[in-house]
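Working notes for the structure below.
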Amino acid sequence: MKILLVNKYLYPKGGAEKVTMSTGELLEKRGHQVLFWGMSHPKNPEYSTAPYFTDGIDYHNSGGIIDKIKVASKLLYSFEAKKKVERLILAEKPDIAHLHNFAHQLSTSILDVFKKYDIPVVMTLHDYKVVCPTYSMLCMGKPCEKCSKGKYYWCFLRKCTKGSYAKSLLNSVEMYLHHTVLNSYNKVDVFAPVSAFLKEKVAEMGLKGKLVQLPNFIDANDYEPAFASDGRSIVYFGRLSKEKGILTLIKAVEGLNVELNIIGTGPQREELEEVVSNKKMKNVHFLGFKNGNELNNLLNKSMFIVVPSEWYENYPLAIVEAFALGKPVIGARIGGIPELVKDQERGLLFTPGNAEELRKKIEELLGSSDSVVSMGKAARQFVETELNPDRHYEMLMQIYSMAMGKSKRTN
């Protein structure tokens with residue numbers, strides 16, 4: 001089978017990109033021909049399809065007013081993306097298109113091309129973009145469902161996009177254009193949300209279409225577990241931003257006999273460092289961005305990982321990777337986190353934003369090395385049996401088959 005994998009970024013920028021690339025590797029190992037398509041970028045690996053990529057777009061640095069207008073128009077409907085993906089389809093004739101994150105930089109214009117050439121479409125849902133103008137279902141730092149059932153004007157009224165009326169208006173218009181005027185997402189044959197929570201939430205918010213959960217996968221053989229730890233260190237790793245709940249975590253470890261290593265970068269880093277400095281906390285360390293073996297070594301030396309999110313997390317790769325290394329997780333009871341962190345089995349759960357409760361959970365695990373080891377072994381077993389590549393591949397093939405069958409019935 002010839003499979004077209006689509007994501008706006010095609011280097012390991014974040015979770016969706018890592019999943020896109022690992023999916024391609026999985027499919028190629030099973031004998032399929034994989035074509036990647038997205039934006040040009042200096043960090044991209046070499047792709048045979050690169051001549052068909054769109055020009056890179058940076059919405060944060062889009063130049064003067066004329067450039068901003070051009071960029072805004074591409075967000076609504078990119079004729080460049082439409083033209084280039086059509087050239088690729090005519091040249092390569094893929095059997096199916098599997099989309100990941102493509103909104104804004106590529107736009108839903110590409111869905112018209114797939115429909116034109118009767119190409120079945122599967123779309124993995126990593127976030128809430130199909131129902132929320134700003135992806136995250138967050139407003140003013142708290143979970144928000146105001147746009148439910150197509151009431152996208154709330155994005156504008158509440159300035160959800162970076163606190164700007166202009167940007168929020170553009171995102172509101174985008175949603176009405178794609179959902180009400182063009183009915184763009186009706187051209188997707190099967191949506192594949194990564195968590196049960198995401199599946200239920202997008203349906204509740206008004207998304208129509210076939211929804212089949214497809215959890216993220218991981219090859220546990222690539223990770224050497226370390227169930228025990230000699231020290232008293234714990235880790236947060238990921239993006240440093242308000243909705244991740246890192247400030248709650250810092251409050252929870254104040255005065256505790258534990259070393260907290262915070263790994264990652266993001267817009268909240270300076271604020272968090274200032275809080276730690278003002279409180280004269282010597283047990284919190286900011287280690288910056290880490291990946292690969294360096295990250296895994298830091299995680300292996302820790303007792304457990306903490307995921308204190310305060311937004312509707314979906315299926316965090318941070319938890320999956322921690323489990324593969326044999327580390328239990330203390331996670332917030334929100335979004336898709338409880339699907340992974342089964343309380344008292346693969347870790348502990350706490351109420352989002354409750355620093356005192358989180359503190360008690362941290363103390364509970366710090367005081368029981370046996371629990372840390374047994375939970376870590378259960379976590380490792382979970383990824384080996386439930387999230388392995390073979391299981392994922394079987395589920396993916398079933399979804400592709402559904403999409404192909406549905407596409408034939410509607411064409």
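Scheme for the structure tokens: letters A, B, ... for chains in order shown; per-chain residue numbers from 1; ligand numbers from 1 in order shown.
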What's around region 35-37 of chain A at 6 Å? Count only C-alpha atoms, leave out sequence neighbours fewer than 3 positions away in its own chain, and write the answer as a ChimeraX atom specification.
/A:4-6
Could you dump the residues just selected with C-alpha atoms as a PDB file, in the first residue's frame?
ATOM      1  CA  LEU A   4       0.673   9.591   2.235  1.00  0.00           C
ATOM      2  CA  LEU A   5       1.499  10.867   5.737  1.00  0.00           C
ATOM      3  CA  VAL A   6       0.709  14.552   6.222  1.00  0.00           C
TER       4      VAL A   6
END
If you run DSSP over the backbone, which residues in region 119-249 of chain A end up strand (DSSP E)? Put them as a list in words.
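Across region 119-249 of chain A, those assigned strand (DSSP E) are Val121, Val122, Met123, Thr124, Leu125, Leu138, Cys139, Lys142, Pro143, Val190, Phe191, Ala192, Pro193, Ser233, Ile234, Val235, Tyr236 and Phe237 of chain A.
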Using only C-alpha atoms, determine which residues lie at most 10 Å from region 83-93 of chain A, disregarding the query and same-chain residues fewer than 2 positions distant; provide the list as a CSV table (one decimal) with N, CA and C atoms, in the first residue's frame.
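File result08.csv, as written:
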chain,number,residue,atom,x,y,z
A,2,LYS,N,0.5,2.2,-0.8
A,2,LYS,CA,1.2,3.5,-0.8
A,2,LYS,C,0.4,4.5,0.1
A,3,ILE,N,1.1,5.0,1.2
A,3,ILE,CA,0.4,5.8,2.2
A,3,ILE,C,1.1,7.2,2.2
A,4,LEU,N,0.2,8.2,2.1
A,4,LEU,CA,0.7,9.6,2.2
A,4,LEU,C,0.5,10.1,3.7
A,6,VAL,N,0.7,13.1,6.3
A,6,VAL,CA,0.7,14.6,6.2
A,6,VAL,C,0.8,15.1,7.6
A,35,LEU,N,5.0,8.0,1.9
A,35,LEU,CA,5.3,9.4,1.3
A,35,LEU,C,5.0,10.4,2.4
A,37,TRP,N,4.5,14.5,3.5
A,37,TRP,CA,4.2,15.8,2.9
A,37,TRP,C,3.9,16.8,4.0
A,38,GLY,N,4.4,18.0,3.8
A,38,GLY,CA,4.2,19.1,4.8
A,38,GLY,C,4.9,20.3,4.3
A,49,THR,N,9.9,13.5,-1.4
A,49,THR,CA,8.8,14.3,-1.8
A,49,THR,C,9.0,15.8,-1.5
A,50,ALA,N,10.2,16.2,-1.0
A,50,ALA,CA,10.4,17.6,-0.7
A,50,ALA,C,10.1,18.6,-1.7
A,51,PRO,N,10.3,18.3,-3.1
A,51,PRO,CA,10.0,19.3,-4.1
A,51,PRO,C,8.5,19.7,-4.1
A,52,TYR,N,7.6,18.9,-3.4
A,52,TYR,CA,6.2,19.2,-3.4
A,52,TYR,C,5.8,19.9,-2.1
A,53,PHE,N,6.7,20.1,-1.2
A,53,PHE,CA,6.4,20.7,0.1
A,53,PHE,C,6.0,22.2,-0.1
A,54,THR,N,5.2,22.7,0.8
A,54,THR,CA,4.9,24.1,0.8
A,54,THR,C,6.0,24.9,1.4
A,78,SER,N,-5.4,27.7,1.9
A,78,SER,CA,-4.1,27.8,1.2
A,78,SER,C,-4.2,27.2,-0.2
A,79,PHE,N,-4.1,28.1,-1.2
A,79,PHE,CA,-4.1,27.6,-2.6
A,79,PHE,C,-2.8,27.0,-2.9
A,80,GLU,N,-1.7,27.5,-2.2
A,80,GLU,CA,-0.4,26.9,-2.5
A,80,GLU,C,-0.4,25.4,-2.0
A,81,ALA,N,-0.9,25.1,-0.8
A,81,ALA,CA,-0.9,23.8,-0.3
A,81,ALA,C,-1.8,22.9,-1.2
A,95,ASP,N,-2.6,5.5,-2.2
A,95,ASP,CA,-3.8,4.7,-1.9
A,95,ASP,C,-4.7,5.3,-0.8
A,96,ILE,N,-4.0,6.0,0.1
A,96,ILE,CA,-4.7,6.6,1.3
A,96,ILE,C,-3.9,7.7,1.8
A,97,ALA,N,-4.6,8.7,2.4
A,97,ALA,CA,-3.9,9.8,3.0
A,97,ALA,C,-4.2,9.8,4.5
A,106,LEU,N,-1.1,24.5,6.5
A,106,LEU,CA,-1.5,23.8,5.3
A,106,LEU,C,-3.0,24.0,5.0
A,109,SER,N,-7.7,23.2,2.8
A,109,SER,CA,-7.8,23.2,1.3
A,109,SER,C,-7.4,21.8,0.8
A,110,ILE,N,-6.5,21.1,1.5
A,110,ILE,CA,-5.9,19.9,1.0
A,110,ILE,C,-7.0,18.8,0.9
A,111,LEU,N,-8.0,18.9,1.8
A,111,LEU,CA,-9.1,17.9,1.9
A,111,LEU,C,-9.9,17.9,0.6
A,112,ASP,N,-10.0,19.1,-0.1
A,112,ASP,CA,-10.7,19.1,-1.4
A,112,ASP,C,-10.0,18.3,-2.4
A,113,VAL,N,-8.7,18.3,-2.4
A,113,VAL,CA,-7.9,17.6,-3.4
A,113,VAL,C,-8.1,16.1,-3.2
A,114,PHE,N,-8.0,15.6,-1.9
A,114,PHE,CA,-8.2,14.2,-1.6
A,114,PHE,C,-9.6,13.7,-2.1
A,116,LYS,N,-11.4,15.1,-4.5
A,116,LYS,CA,-11.4,15.2,-5.9
A,116,LYS,C,-10.9,13.9,-6.6
A,117,TYR,N,-9.8,13.3,-6.0
A,117,TYR,CA,-9.2,12.1,-6.5
A,117,TYR,C,-9.6,10.8,-5.8
A,119,ILE,N,-9.4,9.8,-2.8
A,119,ILE,CA,-8.4,9.2,-1.9
A,119,ILE,C,-9.0,9.1,-0.5
From the list A:Gln268, A:Ser48, A:Asn314, A:Asn297, the nearest residue to Pro215 (chain A) using only C-alpha atoms is A:Asn314
Selected residue, from A:Glu224, A:Glu243, A:Glu273, A:Glu145, that lies nearest to Glu310 (chain A) when counting only C-alpha atoms
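Checking each candidate against Glu310 (chain A), we get A:Glu243 as the closest.
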Work out how far CA of Ala403 (chain A) is from CA of Val181 (chain A), in Å to one decimal.
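Computing it gives 23.9 Å between the two atoms.
Considering only C-alpha atoms, the residue among A:Trp311, A:His100, A:Val235, A:Glu254 positioned nearest to Met140 (chain A) is A:Trp311.
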Could you pull the residues within 9 Å of region 203-207 of chain A, counting only C-alpha atoms, minus those fewer than 5 positions along the same chain, as an NGL selection string?
:A and (130-132 or 145 or 147-150 or 185 or 198)
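Those residues of region 134-235 of chain A that DSSP, working from the backbone, places in alpha helix (DSSP H) are A:Tyr153, A:Trp154, A:Cys155, A:Phe156, A:Leu157, A:Tyr165, A:Ala166, A:Lys167, A:Ser168, A:Leu169, A:Leu170, A:Asn171, A:Ser172, A:Val173, A:Glu174, A:Met175, A:Tyr176, A:Ala196, A:Phe197, A:Leu198, A:Lys199, A:Glu200, A:Lys201, A:Val202, A:Ala203, A:Glu204, A:Met205.
Using only C-alpha atoms, the smallest distance between any of A:Leu214, A:Met281, A:Val329, A:Ala103 and Val373 (chain A) comes from A:Val329.
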Please provide as a ChimeraX atom specification all residues within 10 Å of Asn291 (chain A), with the sequence filter that same-chain residues fewer than 4 positions apart are discarded (counting only C-alpha atoms).
/A:237,263-264,295-298
With C-alpha atoms retained, write the just-selected residues as a short mmCIF file (atom, residue, chain, number, x, y, z; two decimals), in the first residue's frame.
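So part24.cif came out as:
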data_model
loop_
_atom_site.label_atom_id
_atom_site.label_comp_id
_atom_site.auth_asym_id
_atom_site.auth_seq_id
_atom_site.Cartn_x
_atom_site.Cartn_y
_atom_site.Cartn_z
CA PHE A 237 9.69 17.04 31.41
CA ILE A 263 13.38 19.50 31.86
CA GLY A 264 12.21 21.52 28.88
CA LEU A 295 16.91 12.59 28.69
CA ASN A 296 16.49 8.87 29.31
CA ASN A 297 19.49 8.81 31.66
CA LEU A 298 18.00 11.63 33.73
#
Using only C-alpha atoms: which of A:Met1, A:Ala322, A:Ile362, A:Ala355 has the shortest distance to Tyr400 (chain A)
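Answer, going by the shortest atom-to-atom distance: A:Met1.
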Which residues are close to Leu169 (chain A), i.e. within 8 Å by only C-alpha atoms, leaving aside same-chain residues fewer than 4 positions away? Reply as a list in words.
Tyr153, Cys155, Phe156, Tyr165 and Val173 of chain A
Residue subset to file, keeping C-alpha atoms, as a PDB file, in the first residue's frame:
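Output (result-v1.pdb):
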ATOM      1  CA  TYR A 153     -17.867  33.453  18.205  1.00  0.00           C
ATOM      2  CA  CYS A 155     -13.224  32.778  20.704  1.00  0.00           C
ATOM      3  CA  PHE A 156     -13.557  36.386  19.511  1.00  0.00           C
ATOM      4  CA  TYR A 165      -9.364  40.518  19.174  1.00  0.00           C
ATOM      5  CA  VAL A 173     -13.923  33.064  10.936  1.00  0.00           C
TER       6      VAL A 173
END
From A:Leu366, A:Leu157, A:Met375, A:Leu125, residue lying nearest Leu211 (chain A) [only C-alpha atoms]:
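The shortest atom-to-atom distance to Leu211 (chain A) comes from A:Leu125.
One finds CA of Ser369 (chain A) at 8.2 Å from CA of Met303 (chain A).
From CA of Val320 (chain A) back to CA of Lys361 (chain A), the distance works out to 20.0 Å.
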Exercise: Gly405 (chain A) partners within 12 Å, only C-alpha atoms, chain neighbours under 6 positions left out, as a PyMOL selection string:
chain A and resi 96+118-122+189-190+398-399+411
